[in-house]
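Data first, discussion second: the structure below is written as structure tokens.
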Amino acid sequence: MLFAAGFGTRMRHLTKDRPKPLVAVGGKALMDHTLSLAQAINPSRIVVNSHYHADQIVTHLTGTNVAISHESPGILETGGGVRNALPLLGDGPVFTANTDAIWQGPNPFEMLKKAWRPEDMGALLMCVPRDNAVGHTGTGDFTLDADGRLTRGPGQIYGGIQIMKTQGLHSIDQAAFSLNMVWNDMHASGTLFGLSYPGKWCDVGSPEGVLLAEKLLEGGDV
């Protein structure tokens, strides 16, 4: 599932009349960079959620085999968005991905697929070492122990792509909620894991991020 329902307020003028996933980066819609990575692993289905300027998302994806999960009247956040899309996604673990980042290096979906251990894991998050994160000034979201289990705190940055089991979504009694609530439950049960990304990653959350991402795509110093 690709997240494309948000308002993109940090992008300022760039999202006044379009959803953030359709902002152009390197001559290509931001969402399409992530969509290409997802398509490369040949998933059985791909779902994109929509809310802000939903008609543009629908038009952009017309002619593809991507299904749309529309959120109305309000946005459902990440956790609520995935739960709302389950009838389209089907049973079993799902990949979820933000659509506002550029990756340079191995396909993060492929890395997660190869490392996924359903007997041990509730979720496996792709994390990025701070030195590999372009234009990101935070201290990080998680630390990884020797077994790959995650603990919240300064360390690595969540890159926005994961594979997760969906059963825990049904225990949340709110319509709109963050995946962080599900991760907290998994952490408590010792089933929240992470993988460290060896390539470069750029969070495209601002107009300045677009320029940094384009330089990264060009192979320049950033």
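Identifiers in the structure tokens: chain A, B, ... in order shown; residue index from 1 per chain; ligand index from 1 in order shown.
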Non-local contacts of Phe3 of chain A (9 Å; only C-alpha atoms; under 2 positions in same chain excluded) as a PyMOL selection string
chain A and resi 1+5-6+21+31+47-50+78+81-82+96-100
Contacts between segment 153-166 of chain A and segment 42-148 of chain A, please, where a residue of segment 42-148 of chain A counts if it comes within 6 Å (with only C-alpha atoms); show its shortest atom pair and distance in Å to one decimal, rows by chain and ascending number, as JSON lines.
```
{"residue": "A:Pro93", "atom": "CA", "partner": "A:Lys165", "partner_atom": "CA", "distance": 4.3}
{"residue": "A:Val94", "atom": "CA", "partner": "A:Ile163", "partner_atom": "CA", "distance": 5.5}
{"residue": "A:Phe95", "atom": "CA", "partner": "A:Ile163", "partner_atom": "CA", "distance": 4.2}
{"residue": "A:Thr96", "atom": "CA", "partner": "A:Gln162", "partner_atom": "CA", "distance": 5.5}
{"residue": "A:Ala97", "atom": "CA", "partner": "A:Ile161", "partner_atom": "CA", "distance": 4.3}
{"residue": "A:Asn98", "atom": "CA", "partner": "A:Gly160", "partner_atom": "CA", "distance": 5.1}
{"residue": "A:Gly122", "atom": "CA", "partner": "A:Lys165", "partner_atom": "CA", "distance": 5.4}
{"residue": "A:Ala123", "atom": "CA", "partner": "A:Met164", "partner_atom": "CA", "distance": 4.0}
{"residue": "A:Leu124", "atom": "CA", "partner": "A:Ile163", "partner_atom": "CA", "distance": 5.4}
{"residue": "A:Leu125", "atom": "CA", "partner": "A:Gln162", "partner_atom": "CA", "distance": 4.3}
{"residue": "A:Met126", "atom": "CA", "partner": "A:Ile161", "partner_atom": "CA", "distance": 5.7}
{"residue": "A:Cys127", "atom": "CA", "partner": "A:Tyr158", "partner_atom": "CA", "distance": 4.5}
{"residue": "A:Val128", "atom": "CA", "partner": "A:Ile157", "partner_atom": "CA", "distance": 5.0}
{"residue": "A:Pro129", "atom": "CA", "partner": "A:Gln156", "partner_atom": "CA", "distance": 4.8}
{"residue": "A:Arg130", "atom": "CA", "partner": "A:Gln156", "partner_atom": "CA", "distance": 5.9}
{"residue": "A:Thr139", "atom": "CA", "partner": "A:Pro154", "partner_atom": "CA", "distance": 5.1}
{"residue": "A:Gly140", "atom": "CA", "partner": "A:Ile157", "partner_atom": "CA", "distance": 4.4}
{"residue": "A:Asp141", "atom": "CA", "partner": "A:Ile157", "partner_atom": "CA", "distance": 5.0}
{"residue": "A:Phe142", "atom": "CA", "partner": "A:Gly153", "partner_atom": "CA", "distance": 4.9}
{"residue": "A:Thr143", "atom": "CA", "partner": "A:Gly155", "partner_atom": "CA", "distance": 5.0}
```
Those selected residues, please, written with N, CA and C atoms and delivered as a PDB file, in the first residue's frame.
```pdb
ATOM      1  N   PRO A  93       0.452 -10.505   5.331  1.00  0.00           N
ATOM      2  CA  PRO A  93       1.289  -9.321   5.529  1.00  0.00           C
ATOM      3  C   PRO A  93       1.259  -8.418   4.303  1.00  0.00           C
ATOM      4  N   VAL A  94       1.432  -7.114   4.533  1.00  0.00           N
ATOM      5  CA  VAL A  94       1.447  -6.146   3.439  1.00  0.00           C
ATOM      6  C   VAL A  94       2.671  -5.247   3.569  1.00  0.00           C
ATOM      7  N   PHE A  95       3.146  -4.766   2.441  1.00  0.00           N
ATOM      8  CA  PHE A  95       4.105  -3.674   2.433  1.00  0.00           C
ATOM      9  C   PHE A  95       3.320  -2.373   2.555  1.00  0.00           C
ATOM     10  N   THR A  96       3.845  -1.416   3.303  1.00  0.00           N
ATOM     11  CA  THR A  96       3.313  -0.055   3.254  1.00  0.00           C
ATOM     12  C   THR A  96       4.478   0.874   2.933  1.00  0.00           C
ATOM     13  N   ALA A  97       4.167   1.955   2.226  1.00  0.00           N
ATOM     14  CA  ALA A  97       5.238   2.860   1.822  1.00  0.00           C
ATOM     15  C   ALA A  97       4.742   4.291   1.739  1.00  0.00           C
ATOM     16  N   ASN A  98       5.503   5.186   2.328  1.00  0.00           N
ATOM     17  CA  ASN A  98       5.293   6.606   2.080  1.00  0.00           C
ATOM     18  C   ASN A  98       5.704   6.905   0.640  1.00  0.00           C
ATOM     19  N   GLY A 122       6.445  -9.140  13.618  1.00  0.00           N
ATOM     20  CA  GLY A 122       5.142  -8.524  13.381  1.00  0.00           C
ATOM     21  C   GLY A 122       5.257  -7.456  12.323  1.00  0.00           C
ATOM     22  N   ALA A 123       6.424  -6.792  12.309  1.00  0.00           N
ATOM     23  CA  ALA A 123       6.718  -5.792  11.287  1.00  0.00           C
ATOM     24  C   ALA A 123       8.230  -5.703  11.120  1.00  0.00           C
ATOM     25  N   LEU A 124       8.635  -5.382   9.898  1.00  0.00           N
ATOM     26  CA  LEU A 124      10.044  -5.167   9.577  1.00  0.00           C
ATOM     27  C   LEU A 124      10.146  -3.828   8.870  1.00  0.00           C
ATOM     28  N   LEU A 125      10.797  -2.869   9.505  1.00  0.00           N
ATOM     29  CA  LEU A 125      10.879  -1.497   9.019  1.00  0.00           C
ATOM     30  C   LEU A 125      12.228  -1.232   8.366  1.00  0.00           C
ATOM     31  N   MET A 126      12.208  -0.539   7.230  1.00  0.00           N
ATOM     32  CA  MET A 126      13.458  -0.119   6.609  1.00  0.00           C
ATOM     33  C   MET A 126      13.921   1.176   7.271  1.00  0.00           C
ATOM     34  N   CYS A 127      15.064   1.099   7.914  1.00  0.00           N
ATOM     35  CA  CYS A 127      15.623   2.248   8.615  1.00  0.00           C
ATOM     36  C   CYS A 127      16.877   2.745   7.893  1.00  0.00           C
ATOM     37  N   VAL A 128      17.176   4.006   8.096  1.00  0.00           N
ATOM     38  CA  VAL A 128      18.281   4.641   7.378  1.00  0.00           C
ATOM     39  C   VAL A 128      19.264   5.237   8.394  1.00  0.00           C
ATOM     40  N   PRO A 129      20.542   4.845   8.330  1.00  0.00           N
ATOM     41  CA  PRO A 129      21.536   5.488   9.191  1.00  0.00           C
ATOM     42  C   PRO A 129      21.568   6.989   8.923  1.00  0.00           C
ATOM     43  N   ARG A 130      21.790   7.775   9.942  1.00  0.00           N
ATOM     44  CA  ARG A 130      21.747   9.224   9.768  1.00  0.00           C
ATOM     45  C   ARG A 130      22.750   9.715   8.728  1.00  0.00           C
ATOM     46  N   THR A 139      17.500  13.385  14.979  1.00  0.00           N
ATOM     47  CA  THR A 139      18.420  12.458  15.651  1.00  0.00           C
ATOM     48  C   THR A 139      18.074  10.998  15.393  1.00  0.00           C
ATOM     49  N   GLY A 140      16.977  10.746  14.700  1.00  0.00           N
ATOM     50  CA  GLY A 140      16.583   9.375  14.406  1.00  0.00           C
ATOM     51  C   GLY A 140      15.377   8.939  15.199  1.00  0.00           C
ATOM     52  N   ASP A 141      14.834   7.782  14.820  1.00  0.00           N
ATOM     53  CA  ASP A 141      13.602   7.276  15.416  1.00  0.00           C
ATOM     54  C   ASP A 141      13.784   5.999  16.233  1.00  0.00           C
ATOM     55  N   PHE A 142      14.737   5.160  15.810  1.00  0.00           N
ATOM     56  CA  PHE A 142      14.892   3.838  16.420  1.00  0.00           C
ATOM     57  C   PHE A 142      16.366   3.473  16.569  1.00  0.00           C
ATOM     58  N   THR A 143      16.614   2.594  17.523  1.00  0.00           N
ATOM     59  CA  THR A 143      17.901   1.902  17.589  1.00  0.00           C
ATOM     60  C   THR A 143      17.645   0.422  17.300  1.00  0.00           C
TER      61      THR A 143
END
```
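Shortest atom-to-atom contact with Pro207 of chain A among A:Gly135, A:His33, A:Ala146, A:Leu61: A:Gly135, counting only C-alpha atoms.
The residue that comes closest to Glu218 of chain A, out of A:Arg45, A:Gly26, A:Thr15, A:Gly190 and on the basis of only C-alpha atoms, is A:Gly26.
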Which parts of segment 59-141 of chain A does DSSP call strand (DSSP E or B) when run on the backbone here, written out as a PyMOL selection string?
chain A and resi 67-70+94-98+101-104+123-128+133-134
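Of note, atom CA of Ile172 of chain A and atom CA of Thr191 of chain A are spaced 17.7 Å apart.
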Which one is closest to Tyr197 of chain A: A:Asn132, A:Thr151, A:Ser44, A:Ser171? Count only C-alpha atoms.
A:Asn132
Do a neighbour search on Val210 of chain A at 12 Å with only C-alpha atoms, toss out local chain neighbours closer than 3 positions, and write the hits as an mmCIF file with C-alpha atoms, in the first residue's frame.
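Output file selection-v8.cif follows:
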```
data_model
loop_
_atom_site.group_PDB
_atom_site.id
_atom_site.type_symbol
_atom_site.label_atom_id
_atom_site.label_comp_id
_atom_site.auth_asym_id
_atom_site.auth_seq_id
_atom_site.Cartn_x
_atom_site.Cartn_y
_atom_site.Cartn_z
ATOM 1 C CA ARG A 10 5.292 21.404 4.479
ATOM 2 C CA MET A 11 5.614 21.648 0.696
ATOM 3 C CA LEU A 14 3.922 23.197 -4.395
ATOM 4 C CA LYS A 20 2.290 16.002 -2.709
ATOM 5 C CA PRO A 21 2.739 12.587 -4.404
ATOM 6 C CA VAL A 23 4.918 16.952 -7.253
ATOM 7 C CA ALA A 24 7.564 16.413 -9.926
ATOM 8 C CA VAL A 25 11.025 15.260 -8.868
ATOM 9 C CA GLY A 26 13.525 14.740 -11.650
ATOM 10 C CA GLY A 27 10.781 15.028 -14.259
ATOM 11 C CA LYS A 28 8.679 12.282 -12.667
ATOM 12 C CA ALA A 29 5.844 12.396 -10.138
ATOM 13 C CA LEU A 30 7.181 11.748 -6.657
ATOM 14 C CA ASP A 100 7.638 11.266 -0.341
ATOM 15 C CA ALA A 101 11.159 9.851 -0.409
ATOM 16 C CA ILE A 102 13.825 9.106 -2.987
ATOM 17 C CA VAL A 134 20.130 13.475 2.767
ATOM 18 C CA GLY A 135 18.786 16.740 4.139
ATOM 19 C CA CYS A 202 16.176 11.703 0.806
ATOM 20 C CA ASP A 203 12.981 12.787 2.550
ATOM 21 C CA VAL A 204 11.140 15.075 0.119
ATOM 22 C CA GLY A 205 9.095 16.962 2.676
ATOM 23 C CA SER A 206 9.799 20.519 1.558
ATOM 24 C CA PRO A 207 10.606 22.493 -1.614
ATOM 25 C CA ALA A 213 16.404 14.682 -4.214
ATOM 26 C CA GLU A 214 17.063 15.770 -7.787
ATOM 27 C CA LYS A 215 20.761 16.153 -7.058
ATOM 28 C CA LEU A 216 20.751 12.683 -5.513
ATOM 29 C CA LEU A 217 19.104 11.234 -8.617
ATOM 30 C CA VAL A 222 24.405 16.356 -1.674
#
```
Best match for closeness to Ile75 of chain A among A:Met121, A:Ile41, A:Ala175, A:Leu144, counting only C-alpha atoms
A:Ala175
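With atom CA of Gly105 of chain A on one side and atom CA of Pro198 of chain A on the other, the separation reads 7.2 Å.
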